[in-house]
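Undergrad: File follows, query_8.cif with mmCIF, C-alpha atoms:
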data_query
#
loop_
_atom_site.label_atom_id
_atom_site.label_comp_id
_atom_site.auth_asym_id
_atom_site.auth_seq_id
_atom_site.Cartn_x
_atom_site.Cartn_y
_atom_site.Cartn_z
CA MET H 162 -5.30 41.70 -17.75
CA PRO H 163 -1.75 43.02 -18.07
CA ALA H 164 -1.44 43.78 -14.35
CA GLY H 165 -2.45 40.28 -13.43
CA PHE H 166 -0.07 38.85 -15.96
CA VAL H 167 2.86 40.82 -14.62
CA TYR H 168 2.00 39.73 -11.12
CA THR H 169 1.84 36.08 -12.18
CA GLU H 170 5.14 36.26 -13.99
CA ARG H 171 6.83 37.88 -11.01
CA TRP H 172 5.32 35.29 -8.75
CA MET H 173 6.59 32.52 -11.03
CA ASN H 174 10.07 33.99 -10.99
CA GLN H 175 10.06 34.15 -7.23
CA ALA H 176 8.83 30.58 -7.04
CA VAL H 177 11.61 29.42 -9.37
CA GLU H 178 14.19 31.32 -7.33
CA SER H 179 13.00 29.69 -4.14
CA VAL H 180 13.17 26.25 -5.77
CA ARG H 181 16.74 27.01 -6.83
CA GLU H 182 17.64 27.87 -3.25
CA ARG H 183 16.04 24.70 -1.98
CA ILE H 184 17.89 22.61 -4.56
CA ILE H 185 21.14 24.17 -3.34
CA GLU H 186 20.26 23.20 0.21
CA LEU H 187 19.51 19.67 -0.97
CA LEU H 188 22.77 19.23 -2.90
CA PRO H 189 24.64 17.30 -0.21
CA ARG H 190 21.78 14.82 0.07
CA LEU H 191 21.34 14.56 -3.69
CA ARG H 192 25.05 13.77 -3.94
CA ARG H 193 24.78 11.12 -1.24
CA PHE H 194 21.80 9.45 -2.88
CA ALA H 195 23.51 9.60 -6.28
CA ARG H 196 26.63 7.97 -4.85
CA ASN H 197 24.59 5.12 -3.49
CA LEU H 198 22.95 4.72 -6.89
CA THR H 199 26.06 4.94 -9.03
CA ARG H 200 28.67 3.71 -6.52
CA ASN H 201 31.10 6.12 -8.11
CA PRO H 202 31.63 9.74 -6.98
CA HIS H 203 32.23 11.12 -10.48
CA ASP H 204 29.17 9.48 -11.99
CA ALA H 205 27.26 10.64 -8.92
CA ASP H 206 28.03 14.32 -9.45
CA ASP H 207 27.31 14.04 -13.17
CA LEU H 208 24.00 12.47 -12.29
CA VAL H 209 23.17 15.23 -9.82
CA GLN H 210 23.90 17.83 -12.49
CA ILE H 211 21.55 16.10 -14.90
CA GLY H 212 18.97 15.81 -12.15
CA ILE H 213 19.12 19.53 -11.43
CA GLU H 214 18.74 20.40 -15.11
CA ARG H 215 15.83 18.01 -15.57
CA ALA H 216 14.07 19.15 -12.41
CA LEU H 217 14.29 22.81 -13.39
CA THR H 218 13.00 22.24 -16.91
CA ARG H 219 10.17 20.06 -15.66
CA LEU H 220 8.99 22.15 -12.74
CA ASP H 221 5.42 21.88 -14.03
CA GLN H 222 5.56 18.15 -13.26
CA TRP H 223 6.38 18.71 -9.61
CA ARG H 224 3.20 18.14 -7.61
CA SER H 225 2.85 20.43 -4.65
CA ASP H 226 1.97 17.55 -2.32
CA THR H 227 5.36 15.94 -2.97
CA ARG H 228 8.46 17.09 -1.16
CA LEU H 229 11.10 18.46 -3.48
CA GLU H 230 13.67 15.90 -2.40
CA SER H 231 11.33 12.95 -3.03
CA TRP H 232 10.63 14.22 -6.49
CA MET H 233 14.29 14.85 -7.24
CA PHE H 234 15.39 11.46 -5.91
CA GLY H 235 12.93 9.94 -8.37
CA ILE H 236 14.39 12.03 -11.21
CA LEU H 237 17.93 10.95 -10.31
CA ARG H 238 16.97 7.31 -10.23
CA ASN H 239 15.21 7.44 -13.59
CA ALA H 240 18.16 9.23 -15.13
CA TRP H 241 20.51 6.59 -13.75
CA ILE H 242 18.38 3.73 -15.02
CA ASP H 243 18.45 5.34 -18.48
CA GLU H 244 22.20 5.70 -18.24
CA MET H 245 22.70 2.07 -17.17
CA ARG H 246 20.58 0.88 -20.07
CA SER H 247 22.66 2.83 -22.52
CA ARG H 248 25.96 1.67 -21.01
CA GLY H 249 25.08 -1.98 -20.65
CA ARG H 250 25.71 -4.19 -17.70
CA HIS H 251 29.53 -4.26 -17.69
CA ALA H 252 29.60 -0.86 -15.98
CA ARG H 253 28.31 -2.27 -12.73
CA VAL H 254 30.97 -4.97 -12.55
CA PHE H 255 33.63 -2.33 -13.09
CA VAL H 256 32.26 -0.13 -10.33
CA SER H 257 32.25 -3.00 -7.85
CA GLY H 258 35.94 -3.57 -8.54
CA GLU H 259 36.70 0.07 -7.99
CA ALA H 260 34.78 0.16 -4.73
CA GLY H 261 36.89 -2.76 -3.55
CA GLU H 262 40.06 -0.74 -4.12
CA GLN H 263 38.93 1.76 -1.54
CA VAL H 264 39.60 -0.76 1.22
CA GLY H 265 42.86 0.86 2.22
CA GLU H 266 45.24 0.65 5.13
CA GLU H 267 43.03 2.45 7.61
CA THR H 268 42.34 -0.02 10.34
CA THR H 269 40.00 1.78 12.69
CA THR H 270 36.91 -0.22 13.45
CA ALA H 271 34.70 2.60 12.22
CA THR H 272 36.36 2.54 8.81
CA ILE H 273 36.12 -1.22 8.51
CA ASP H 274 32.47 -1.04 9.54
CA ALA H 275 31.71 1.69 7.05
CA ILE H 276 33.41 -0.08 4.19
CA SER H 277 31.73 -3.35 4.91
CA ILE H 278 28.35 -1.62 5.01
CA GLN H 279 29.08 0.15 1.74
CA THR H 280 30.22 -3.09 0.17
CA ALA H 281 27.16 -4.86 1.51
CA LEU H 282 24.79 -2.21 0.15
CA ALA H 283 26.53 -2.37 -3.21
CA GLN H 284 25.79 -6.07 -3.41
CA LEU H 285 22.04 -5.60 -3.25
CA PRO H 286 20.00 -5.52 -6.45
CA GLU H 287 19.39 -1.90 -7.46
CA GLU H 288 15.70 -1.91 -6.53
CA GLN H 289 16.51 -3.08 -3.00
CA SER H 290 19.48 -0.81 -2.44
CA THR H 291 17.48 2.18 -3.67
CA ALA H 292 14.64 1.34 -1.28
CA VAL H 293 17.14 1.03 1.59
CA SER H 294 18.85 4.22 0.52
CA LEU H 295 15.65 6.27 0.30
CA VAL H 296 14.04 5.08 3.54
CA LEU H 297 16.89 4.16 5.87
CA ILE H 298 19.50 6.69 4.77
CA GLU H 299 17.51 9.59 3.33
CA GLY H 300 14.65 9.24 5.80
CA LEU H 301 11.80 9.27 3.29
CA SER H 302 8.46 7.87 4.36
CA TYR H 303 7.27 4.65 2.71
CA LYS H 304 4.77 6.65 0.70
CA GLU H 305 7.40 9.10 -0.52
CA ALA H 306 9.87 6.34 -1.38
CA ALA H 307 7.20 4.37 -3.24
CA GLU H 308 6.36 7.49 -5.26
CA ALA H 309 9.99 8.19 -6.02
CA MET H 310 10.37 4.62 -7.32
CA THR H 311 6.91 4.65 -8.94
CA VAL H 312 5.86 1.39 -7.32
CA PRO H 313 2.99 0.53 -4.95
CA MET H 314 3.65 0.73 -1.20
CA GLY H 315 3.58 -3.06 -0.85
CA THR H 316 6.33 -3.43 -3.42
CA LEU H 317 8.43 -0.82 -1.66
CA THR H 318 8.05 -2.46 1.76
CA SER H 319 8.89 -5.91 0.43
CA ARG H 320 12.01 -4.57 -1.33
CA LEU H 321 12.96 -2.82 1.88
CA ALA H 322 12.47 -5.97 3.94
CA ARG H 323 14.48 -8.10 1.52
CA GLY H 324 17.21 -5.47 1.42
CA ARG H 325 17.41 -5.42 5.21
CA GLU H 326 17.54 -9.20 5.42
CA THR H 327 20.38 -9.40 2.91
CA LEU H 328 22.32 -6.59 4.58
CA THR H 329 21.99 -8.30 7.94
CA ARG H 330 23.24 -11.54 6.47
CA LEU H 331 26.18 -9.90 4.70
CA LEU H 332 27.20 -7.79 7.68
CA GLY H 333 26.92 -10.74 10.02
CA LYS H 334 29.20 -12.77 7.76
CA SER H 335 31.90 -10.11 7.53
CA GLY H 336 31.79 -9.31 11.24
CA GLY H 337 30.79 -5.75 10.39
CA ASN H 338 27.75 -5.92 12.62
CA MET U 512 0.77 -11.54 19.81
CA LYS U 513 4.33 -11.05 18.56
CA PRO U 514 4.28 -8.24 16.00
CA SER U 515 5.41 -9.24 12.51
CA THR U 516 8.88 -8.35 11.29
CA GLY U 517 7.27 -5.91 8.86
CA THR U 518 5.51 -4.17 11.75
CA LEU U 519 8.73 -3.91 13.72
CA MET U 520 10.54 -2.46 10.70
CA ALA U 521 7.70 0.01 10.23
CA TYR U 522 8.00 0.96 13.91
CA VAL U 523 11.70 1.74 13.50
CA ASP U 524 10.97 3.60 10.25
CA GLY U 525 8.44 5.85 11.97
CA GLU U 526 5.53 4.51 9.92
CA LEU U 527 3.17 3.44 12.71
CA ASP U 528 0.42 5.52 14.25
CA ALA U 529 0.30 6.06 17.99
CA ARG U 530 -1.90 3.05 18.69
CA ALA U 531 0.30 0.65 16.72
CA CYS U 532 3.39 2.20 18.37
CA ALA U 533 1.93 1.46 21.78
CA GLU U 534 1.23 -2.14 20.77
CA VAL U 535 4.79 -2.66 19.63
CA GLU U 536 6.16 -1.05 22.77
CA THR U 537 4.00 -3.26 24.95
CA ALA U 538 5.28 -6.30 23.08
CA MET U 539 8.86 -5.04 23.46
CA VAL U 540 8.54 -4.77 27.21
CA ALA U 541 6.82 -8.15 27.48
CA ASP U 542 9.18 -10.03 25.19
CA PRO U 543 12.92 -9.29 25.13
CA ALA U 544 13.19 -11.04 21.75
CA VAL U 545 10.91 -8.39 20.24
CA ALA U 546 12.93 -5.60 21.85
CA GLN U 547 16.08 -7.19 20.49
CA GLU U 548 14.71 -7.36 16.98
CA VAL U 549 13.68 -3.70 17.11
CA GLU U 550 17.12 -2.81 18.43
CA HIS U 551 18.68 -4.71 15.54
CA HIS U 552 16.65 -2.77 12.95
CA ARG U 553 17.47 0.49 14.69
CA THR U 554 21.16 -0.33 14.75
CA LEU U 555 21.18 -1.17 11.05
CA ARG U 556 19.50 2.15 10.31
CA HIS U 557 22.06 4.07 12.35
CA GLN U 558 24.95 2.11 10.82
CA LEU U 559 23.76 2.98 7.34
CA GLN U 560 23.32 6.63 8.19
CA SER U 561 26.75 6.98 9.71
CA ALA U 562 28.44 4.94 6.97
CA PHE U 563 27.06 7.22 4.27
CA GLY U 564 27.20 10.49 6.17
CA ASP U 565 30.62 11.70 5.03
CA VAL U 566 29.51 13.09 1.72
CA LEU U 567 27.17 15.50 3.51
CA SER U 568 30.07 17.49 4.91
CA GLU U 569 32.08 17.51 1.69
CA PRO U 570 32.24 20.75 -0.25
CA VAL U 571 29.71 20.80 -3.07
CA PRO U 572 31.35 21.21 -6.49
CA GLU U 573 30.88 24.66 -7.96
CA ARG U 574 29.42 23.27 -11.18
CA LEU U 575 26.48 21.80 -9.24
CA LEU U 576 25.85 25.11 -7.48
CA ALA U 577 26.02 26.83 -10.84
CA ALA U 578 23.59 24.34 -12.36
CA ALA U 579 21.10 24.99 -9.55
CA ARG U 580 21.48 28.77 -9.90
CA THR U 581 21.47 29.17 -13.65
CA SER U 582 20.05 26.13 -15.49
CA PRO U 583 17.03 27.22 -17.48
CA ALA U 584 13.81 26.71 -15.62
CA GLY U 585 10.38 26.34 -17.07
CA THR U 586 8.11 23.91 -18.73
CA GLN U 587 9.50 23.88 -22.23
CA GLN U 588 11.19 20.79 -23.57
CA THR U 589 14.92 21.34 -23.60
CA LYS U 590 17.78 19.24 -24.77
CA VAL U 591 18.43 16.43 -22.32
CA THR U 592 22.01 16.44 -21.20
CA ASP U 593 23.77 13.12 -21.14
CA LEU U 594 26.61 12.04 -18.88
CA THR U 595 29.22 12.62 -21.55
CA HIS U 596 28.22 16.25 -21.79
CA ALA U 597 28.22 16.56 -18.04
CA HIS U 598 31.72 15.11 -17.92
CA ALA U 599 32.89 17.69 -20.42
CA THR U 600 31.57 20.57 -18.33
CA ARG U 601 32.78 19.21 -15.02
CA GLY U 602 34.76 21.88 -13.28
CA ALA U 603 37.07 21.70 -10.31
CA GLY U 604 35.10 24.05 -8.11
CA THR U 605 35.54 23.39 -4.42
CA ARG U 606 33.64 26.24 -2.90
CA ARG U 607 32.77 25.44 0.66
CA ARG U 608 29.15 25.85 1.61
CA TRP U 609 27.51 25.82 4.97
CA SER U 610 25.11 23.11 3.91
CA LEU U 611 21.84 22.44 5.64
CA PRO U 612 22.52 18.92 6.95
CA GLU U 613 25.63 20.08 8.78
CA TRP U 614 23.73 22.92 10.30
CA SER U 615 20.90 20.58 11.27
CA ALA U 616 23.26 18.20 13.02
CA MET U 617 24.67 21.05 15.07
CA ALA U 618 21.21 22.31 15.87
CA ALA U 619 20.25 18.89 17.20
CA CYS U 620 23.04 19.02 19.77
CA LEU U 621 22.03 22.51 20.81
CA VAL U 622 18.38 21.61 21.14
CA VAL U 623 19.13 18.82 23.58
CA GLY U 624 21.34 21.01 25.70
CA LEU U 625 19.09 24.02 25.56
CA PHE U 626 15.98 22.09 26.33
CA LEU U 627 17.26 20.36 29.43
CA GLY U 628 19.07 23.51 30.49
CA GLN U 629 15.89 25.51 30.31
CA GLN U 630 14.02 22.97 32.35
CA LEU U 631 16.62 22.98 35.10
CA TRP U 632 17.51 26.64 35.20
CA HIS U 633 14.10 28.16 34.74
CA SER U 634 11.99 25.78 36.72
CA GLN U 635 9.45 28.51 37.49
CA ASP U 636 8.62 28.85 33.83
CA SER U 637 6.14 26.68 32.10
CA GLY U 638 7.45 23.40 30.73
CA PRO U 639 7.02 19.70 31.27
CA LEU U 640 9.68 19.28 33.97
CA ARG U 641 10.90 20.90 37.15
CA SER U 642 13.52 20.09 39.73
CA GLU U 643 12.41 18.95 43.18
CA ASP U 644 14.91 17.91 45.87
CA GLY U 645 17.50 17.25 43.20
CA HIS U 646 15.19 15.11 41.10
CA LEU U 647 13.31 15.89 37.94
CA VAL U 648 9.57 15.64 38.26
CA ALA U 649 6.77 16.19 35.77
CA ARG U 650 4.86 19.45 35.79
CA GLY U 651 2.20 21.23 33.78
CA THR U 652 0.73 19.40 30.84
CA LEU U 653 3.01 16.40 31.28
CA ASN U 654 2.00 16.03 34.93
CA ARG U 655 -1.67 16.30 34.00
CA ALA U 656 -1.30 13.74 31.23
CA LEU U 657 0.48 11.29 33.55
CA ASN U 658 -2.30 11.75 36.10
CA THR U 659 -5.28 11.48 33.82
CA GLN U 660 -4.51 10.23 30.32
CA LEU U 661 -4.83 6.55 29.47
CA SER U 662 -2.19 4.88 27.34
CA GLY U 663 -2.61 4.46 23.62
CA ALA U 664 -3.59 6.87 20.91
CA PRO U 665 -3.68 10.47 22.14
CA ALA U 666 -6.91 12.37 21.57
CA ALA U 667 -6.87 15.37 19.26
CA GLY U 668 -5.09 18.22 21.02
CA ASP U 669 -3.21 16.02 23.49
CA VAL U 670 0.44 17.01 23.60
CA VAL U 671 1.53 13.84 25.35
CA ARG U 672 1.26 10.23 24.30
CA ILE U 673 1.36 7.72 27.15
CA ALA U 674 2.98 4.59 25.77
CA LEU U 675 2.46 2.13 28.61
CA SER U 676 1.82 1.82 32.34
CA PHE U 677 3.11 -0.81 34.74
CA ARG U 678 4.00 -1.48 38.37
CA ASP U 679 7.67 -1.62 39.33
CA GLN U 680 9.29 -3.99 41.83
CA THR U 681 8.31 -1.77 44.76
CA GLY U 682 4.67 -1.63 43.64
CA GLN U 683 4.84 1.95 42.43
CA TYR U 684 3.10 2.85 39.19
CA CYS U 685 5.32 3.87 36.31
CA ARG U 686 4.40 5.27 32.91
CA THR U 687 6.36 5.93 29.72
CA PHE U 688 5.51 8.97 27.66
CA VAL U 689 6.42 10.76 24.44
CA MET U 690 5.75 14.47 24.06
CA GLN U 691 3.89 15.25 20.81
CA ASP U 692 4.75 18.96 20.90
CA GLY U 693 7.75 18.73 18.60
CA SER U 694 10.28 18.59 21.44
CA GLY U 695 10.60 14.83 20.95
CA LEU U 696 11.08 14.45 24.67
CA ALA U 697 10.37 10.93 25.90
CA GLY U 698 10.78 9.36 29.29
CA LEU U 699 9.82 7.05 32.09
CA ALA U 700 8.15 8.53 35.17
CA CYS U 701 7.21 6.68 38.37
CA ARG U 702 4.75 7.75 41.02
CA GLU U 703 6.38 9.18 44.13
CA GLN U 704 3.70 10.14 46.66
CA THR U 705 2.08 13.06 44.85
CA SER U 706 4.43 13.63 41.94
CA TRP U 707 5.81 11.79 38.89
CA ARG U 708 9.56 11.42 39.19
CA LEU U 709 11.60 10.98 36.00
CA HIS U 710 13.75 7.86 35.83
CA ALA U 711 14.68 8.07 32.18
CA LEU U 712 14.60 10.94 29.77
CA GLN U 713 15.64 11.18 26.17
CA GLN U 714 15.30 13.65 23.38
CA GLY U 715 13.39 11.30 21.10
CA THR U 716 14.68 9.55 18.02
CA ALA U 717 14.96 12.46 15.65
CA GLU U 718 16.82 11.84 12.44
CA PRO U 719 18.15 14.54 10.21
CA THR U 720 16.23 15.03 7.00
CA GLY U 721 16.11 17.87 4.57
CA GLU U 722 13.06 19.27 6.33
CA GLY U 723 14.76 19.56 9.68
CA TYR U 724 13.86 16.66 11.89
CA ARG U 725 11.23 14.09 11.23
CA MET U 726 10.34 12.40 14.48
CA ALA U 727 10.02 8.65 14.14
CA ALA U 728 6.27 9.02 14.80
CA GLY U 729 7.01 9.64 18.44
CA ALA U 730 8.56 6.21 18.89
CA LEU U 731 9.80 5.39 22.38
CA PRO U 732 13.62 5.65 22.40
CA ALA U 733 15.62 2.55 23.29
CA SER U 734 17.03 4.05 26.50
CA VAL U 735 13.54 4.71 27.86
CA LEU U 736 12.44 1.24 26.89
CA HIS U 737 15.42 -0.32 28.64
CA ALA U 738 14.67 1.69 31.77
CA ALA U 739 11.10 0.34 31.67
CA GLN U 740 12.32 -3.23 31.21
CA ASP U 741 14.60 -2.83 34.21
CA ARG U 742 11.83 -1.66 36.50
CA ILE U 743 8.79 -3.61 35.38
CA GLU U 744 7.35 -6.28 37.62
CA GLY U 745 5.17 -8.68 35.62
CA GLU U 746 3.17 -7.44 32.65
CA PRO U 747 2.19 -3.91 31.62
CA LEU U 748 -1.24 -2.84 32.91
CA ASP U 749 -4.14 -3.61 30.62
CA ALA U 750 -6.74 -0.95 29.92
CA THR U 751 -8.99 -1.98 32.85
CA ALA U 752 -6.18 -2.08 35.41
CA GLU U 753 -4.84 1.21 34.14
CA ALA U 754 -8.19 2.97 34.41
CA ALA U 755 -8.65 1.57 37.94
CA ALA U 756 -5.18 2.79 38.98
CA ARG U 757 -5.92 6.22 37.58
CA ASN U 758 -9.21 6.40 39.45
CA ARG U 759 -7.39 5.57 42.68
CA GLY U 760 -4.94 8.42 42.04
CA TRP U 761 -2.03 6.09 41.25
CA ASN U 762 -1.58 5.17 44.91
#
Could I get this structure in the form of structure tokens?

TA:
Amino acid sequence: MPAGFVYTERWMNQAVESVRERIIELLPRLRRFARNLTRNPHDADDLVQIGIERALTRLDQWRSDTRLESWMFGILRNAWIDEMRSRGRHARVFVSGEAGEQVGEETTTATIDAISIQTALAQLPEEQSTAVSLVLIEGLSYKEAAEAMTVPMGTLTSRLARGRETLTRLLGKSGGN
Amino acid sequence: MKPSTGTLMAYVDGELDARACAEVETAMVADPAVAQEVEHHRTLRHQLQSAFGDVLSEPVPERLLAAARTSPAGTQQTKVTDLTHAHATRGAGTRRRWSLPEWSAMAACLVVGLFLGQQLWHSQDSGPLRSEDGHLVARGTLNRALNTQLSGAPAAGDVVRIALSFRDQTGQYCRTFVMQDGSGLAGLACREQTSWRLHALQQGTAEPTGEGYRMAAGALPASVLHAAQDRIEGEPLDATAEAAARNRGWN
């Protein structure tokens, strides 16, 4: 069935092109999520690049009932976990120090607020900060966030609740709330 | 009867169905501590979103655009890039793109303005609101829903969810509603002789996502809730009292 084959191939190409366009639209959000994961803008963009490459080569693993962003957030997180394993734990300590340097001379309340929230989020364990990041910042549903983190819904909601509690405590302490 | 913290978080996160939403909203009106806790969770959510929003308006590096446009696609196993390789290929591209989230944020402002503008300027057209003696009153499907629909889960096909009903200090009946038609319009309307006059109106609690705007499951916005708390006398009507009030024509 040569005709059918040609049609299928053309259809596939169009589908891939439309995924590429959607990835481009998602780039700002992928970068934001990656920054919250890595806490470092350079690592974040490297991670997004890896995420794009992995997503495109694994398009057959993308289930049509999953939103592209949910799937890609999951890819980014897995890639980052791999990276952290290969780097060892010292990387995180270093990143926290660097984030602290960003507390500059700006004294507007908004800036102080933002920095204290960023610092607070950075103090959460990764699984909690990722849950907070996916649901509260990226606006994923519980189901989508649980899928992206490959955990049951109950695990996701308890991580989210613990993350919120800790953030509230930290922000209350620093006067950022 | 106080909803659990998990339920209140789920309410703010848009995870509750209409019935559970109505239960939380009833508890919020009855107990200021519940309303306060919801407000706290909502504030935290907004704080996080604004604290991490800057990156969305930054130019996307050219190398990421290039990766999206030209990285090989397919199902074959390819060499997995590591961060070191990515570092090596990092370019200094700063091409400015009109990215979707920026556009969405602008659209949100326009929608609010356009929507209310349309209601006020083209009051003869169909729509949920019209102007009467300088006040906004419900019309069309919204007016019908306020007249006839009981609070709680909307039936299939209903475009309005009535959150709760109560009497205000003057004895008038008031009802809060959330449109389910995608407009996200929510408000508080009180009975004024034969019409429902709007005392609070808000364009929902839409939050930008990659898919445009995901409504927080039609949650009642804080401003509408506060307006209800200011006017309520006693407790919200229970199902029996509400049905009786409806059958008397809300007078």

Undergrad: Let me make sure I understand: among U:Asp528, U:Asp565, U:Glu548, U:Asp542, which one has the smallest atom-to-atom distance to chain H if we use all atoms listed in the file?

TA: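 Counting all atoms listed in the file, the residue closest to chain H is U:Asp565.
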
Undergrad: Using only C-alpha atoms and a distance of at most 7 Å, pull out the residues of chain H that contact chain U, as a VMD selection string.

TA: chain H and resid 181 184 to 187 189 to 190 193 207 210 to 211 213 to 214 217 to 221 275 278 297 to 300

Undergrad: What do you get, as a ChimeraX atom specification, if you spell out every residue that the PyMOL selection byres ((chain U and resi 688) around 9) selects here?

TA: /U:653,657,662,671-675,686-687,689-690,696-700,731

Undergrad: Rounded to one decimal in Å, what is the spacing between CA of Gly249 in chain H and CA of Thr199 in chain H?

TA: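 Computing the Euclidean distance for CA of Gly249 in chain H and CA of Thr199 in chain H yields 13.6 Å.
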
Undergrad: With only C-alpha atoms as the atoms that count, which of U:Val648, U:Val545, U:Ala730, U:Ala739 lies nearest to Arg530 in chain U?

TA: U:Ala730
